[in-house]
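Take a look at the structure below.
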Amino acid sequence: MNILGISAFYHDSAAALVRDGEIVAAAQEERFTRRKHDAGFPVNAVRYCLAEGGIGAAGPDAVAFYDKPILKFARILETYFGVAPLGIRSFMMAVPLWLRQKLWIPLEIEKALEQVGVRTPPAMYFPEHHESHAASAFFPSPFPGAAVLTVDGVGEWGTSSLGHGRDNRLELLQELRFPHSLGLLYSAFTYFTGFKVNSGEYKLMGLAPYGEPKYADVIRDELLDLRADGSFRLNLKYFGYLDGLTMTNGRFERLFGGPPRRPEAEITRREMDLARSIQAVTEEIVGRMARHVHGLTGETRLCVAGGVGLNCVSNGRLLREGPFEDIWIQPAAGDAGGAVGAALAVWHMALGHPRRAEGARDGMRGAYLGPAFSDGEIESFLRARGYPARKLADDERAAAVARLIDGQNVIGLVQGRMEFGPRALGNRSIIGDARSPKMQSLMNLKIKFRESFRPFAPTCLAERVSDFFELDRPSPYMLLVAPVRRDRLTARAAGPGADGIRELINATRSDIPAVTHVDCSARVQTVDRETNAPYYDIIKAFEERTGYGIVINTSFNVRGEPIVCTPEDAYACFMRTEMDYLVLESFVLDKKEQPPWREERDWRRDYVLD
């Protein structure tokens, strides 16, 4: 039985195909349209998933949409009526779109499937938003039973939920309801510090270690009524998202010393301290929620989803401090993962099919669920465009790429199936030498064209993770932050009290400085040969050459661009930046050998800065 899952219309629209309980394919619409966080109906992602699954004109057996549109619309109307006449501008912008499109999801699905050339199935399902998140967290996890925690901005009414999964059953036990939302609280500080809401939250997390939590008590005392179980009420007089077009208002500005930072303006000590403060409060709230759901369920394992589940600093602290023995986070924890969760919720909960959880491997297949391109397709592309390349034999590929990394080159890497979720995990990655003290600055300014303070992640061999980090288990999805081992630290730079970011960025803190953040931590990805042999073999060859089974890994894109999907996407990004080499499966392209790169228009206009 084939179930097509869909998430759409808010941010990170996506589609997924589940066949007899197994995830066959999943992809975000942004990867095809090249519009970051594309919220449109995911026609291209649907087309890919059905093609990957070999679904012909008969179409899927069922479609699952990741929330209940009518219930969400009722919440929106009730909110507007509750603050009227304030909020009229927001009302006039939102309601016509709902009446024109967002309420008519069955028709949108039918139209999309007709466009793809397949039949619309008679069965359509609409799990609730946090039910889809919870299903995406528990059902693909390796745990037979687990507590479940989902935290995001808002679904229909829910903003956080606590649940319990056992075998093929999943029950949501308690929820926090709009307008009281940890995701919206974090986004308010994202906006106030000059970053883009629903896009720049990870920048706020990366900025936090540069600051001190000097505003944490103000947040606790003025913005929150926080309880022992992690539930809370926001003091709504400080926020603008109910009756205005911005996340915060004048009272918020007076509380935190002036107006919001303008996007792209200089980052000051205030922004650093605000980032650290809201990060500290977020970790405290998540910790309280986790302890509460532990008490409710008695489970020793926890599954996490929702946009706040991408806060890998909070995840790492939760793992270190307990109370759970192990946690599993959905790699596409945000709205994109709702497509997977909706389809799995139908298979297990609506249709009652059993679930297999063996306790070790999860069901996400390493998140490698997107399109792949064969050597034949890549060779045809290169020949048609006249791009010179060298083809490597299978037995020389890993050693050749390792040699390039050791030569301090920056390499774009495209191999296998594209990753699902916001992290590049070795198949659409830019990689380099983690030992290089210059690599972070080089990649930020000349490759990614992004803020210099932002850290990069390492990928290390799974069997070597404890050699580099204070972490005793795999982290395959780059969703855990762990301290670098103390015996690898070489010097600590000036602490967060320093006047600016520059002196902190340029300090060498360990023997893997390119992936060691200002607080001597790293967002860790581990790789094993069973999950991704080509990537593992490159890092293993690098270890054999240098003694270091670790590389720097960042997503293959520039700021504002979705992660590359096709060889054509990859080549364009390669030529627009100062990358040295491009590896497309078995083919290696040297930048110095490529023909001059010309475009009719400035490509930067196509990407809205995040």
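Going by the structure tokens order, chains are called A, B, ..., each with residues numbered from 1, while ligands are numbered from 1 in the order shown.
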All alpha helix (DSSP H) residues (DSSP, backbone) inside range 299-427 of chain A, as a PyMOL selection string:
chain A and resi 312-321+337-345+375-385+394-406
I'd like the neighbourhood of range 169-183 of chain A as a list in words, where a residue qualifies if any of its atoms comes within 6 Å (using only C-alpha atoms), though same-chain residues fewer than 3 positions away should be ignored.
Asp152, Gly153, Trp157, Gly158, Thr159, Ser160, Ser161, Leu162, Gly163, His164, Gly165, Arg166, Tyr186, Arg233 and Leu234 of chain A
Polymer residues at most 7 Å from Trp328 in chain A, only C-alpha atoms, same-chain spacing of 2 or more positions, as a list of chain:residue names
A:Ser141, A:Leu302, A:Cys303, A:Val304, A:Asp326, A:Gln330
Work out how far apart CA of Gly426 in chain A and CA of Tyr535 in chain A are and give it in Å to one decimal.
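Separating CA of Gly426 in chain A from CA of Tyr535 in chain A is a distance of 6.0 Å.
When the distance limit is 8 Å and only C-alpha atoms are what count, the residues near range 459-468 of chain A, minus those fewer than 5 positions from it on the same chain, are Arg473, Pro474, Val484, Arg485, Arg488, Val524, Gln525, Thr526, Val527, Asp528, Tyr536, Ile539, Lys540, Gly549, Ile550, Val551, Ile552 and Asn553 of chain A.
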Hey, can you spit out that residue selection with N, CA and C atoms as an mmCIF file, in the first residue's frame?
```
data_model
loop_
_atom_site.group_PDB
_atom_site.id
_atom_site.type_symbol
_atom_site.label_atom_id
_atom_site.label_comp_id
_atom_site.auth_asym_id
_atom_site.auth_seq_id
_atom_site.Cartn_x
_atom_site.Cartn_y
_atom_site.Cartn_z
ATOM 1 N N ARG A 473 27.891 8.009 21.788
ATOM 2 C CA ARG A 473 26.952 7.325 20.905
ATOM 3 C C ARG A 473 26.945 8.015 19.539
ATOM 4 N N PRO A 474 26.356 7.349 18.533
ATOM 5 C CA PRO A 474 26.283 7.974 17.207
ATOM 6 C C PRO A 474 25.401 9.225 17.213
ATOM 7 N N VAL A 484 33.986 19.425 22.748
ATOM 8 C CA VAL A 484 35.223 18.824 22.253
ATOM 9 C C VAL A 484 35.984 18.288 23.464
ATOM 10 N N ARG A 485 36.615 17.131 23.309
ATOM 11 C CA ARG A 485 37.362 16.540 24.427
ATOM 12 C C ARG A 485 38.392 17.523 24.976
ATOM 13 N N ARG A 488 41.941 17.691 23.725
ATOM 14 C CA ARG A 488 42.174 18.222 22.378
ATOM 15 C C ARG A 488 42.192 19.753 22.367
ATOM 16 N N VAL A 524 27.738 17.684 16.060
ATOM 17 C CA VAL A 524 28.421 16.487 15.578
ATOM 18 C C VAL A 524 27.544 15.670 14.630
ATOM 19 N N GLN A 525 28.149 15.255 13.519
ATOM 20 C CA GLN A 525 27.581 14.192 12.689
ATOM 21 C C GLN A 525 28.547 13.018 12.684
ATOM 22 N N THR A 526 28.007 11.828 12.886
ATOM 23 C CA THR A 526 28.805 10.613 12.737
ATOM 24 C C THR A 526 28.336 9.868 11.494
ATOM 25 N N VAL A 527 29.253 9.109 10.892
ATOM 26 C CA VAL A 527 28.903 8.333 9.707
ATOM 27 C C VAL A 527 29.466 6.929 9.850
ATOM 28 N N ASP A 528 28.677 5.943 9.460
ATOM 29 C CA ASP A 528 29.157 4.556 9.447
ATOM 30 C C ASP A 528 29.051 4.012 8.030
ATOM 31 N N TYR A 536 31.779 7.554 4.127
ATOM 32 C CA TYR A 536 32.625 6.914 5.138
ATOM 33 C C TYR A 536 34.013 6.627 4.578
ATOM 34 N N ILE A 539 36.322 9.682 4.446
ATOM 35 C CA ILE A 539 36.849 10.083 5.753
ATOM 36 C C ILE A 539 37.823 9.038 6.284
ATOM 37 N N LYS A 540 37.553 7.768 6.006
ATOM 38 C CA LYS A 540 38.482 6.717 6.423
ATOM 39 C C LYS A 540 39.814 6.866 5.701
ATOM 40 N N GLY A 549 40.182 10.999 11.643
ATOM 41 C CA GLY A 549 38.971 10.484 10.996
ATOM 42 C C GLY A 549 37.826 11.459 11.096
ATOM 43 N N ILE A 550 38.067 12.698 10.642
ATOM 44 C CA ILE A 550 37.092 13.774 10.808
ATOM 45 C C ILE A 550 37.325 14.828 9.730
ATOM 46 N N VAL A 551 36.236 15.404 9.206
ATOM 47 C CA VAL A 551 36.320 16.499 8.237
ATOM 48 C C VAL A 551 35.297 17.563 8.615
ATOM 49 N N ILE A 552 35.462 18.734 8.049
ATOM 50 C CA ILE A 552 34.448 19.776 8.182
ATOM 51 C C ILE A 552 33.382 19.545 7.122
ATOM 52 N N ASN A 553 32.108 19.707 7.500
ATOM 53 C CA ASN A 553 30.997 19.447 6.590
ATOM 54 C C ASN A 553 29.969 20.568 6.723
#
```
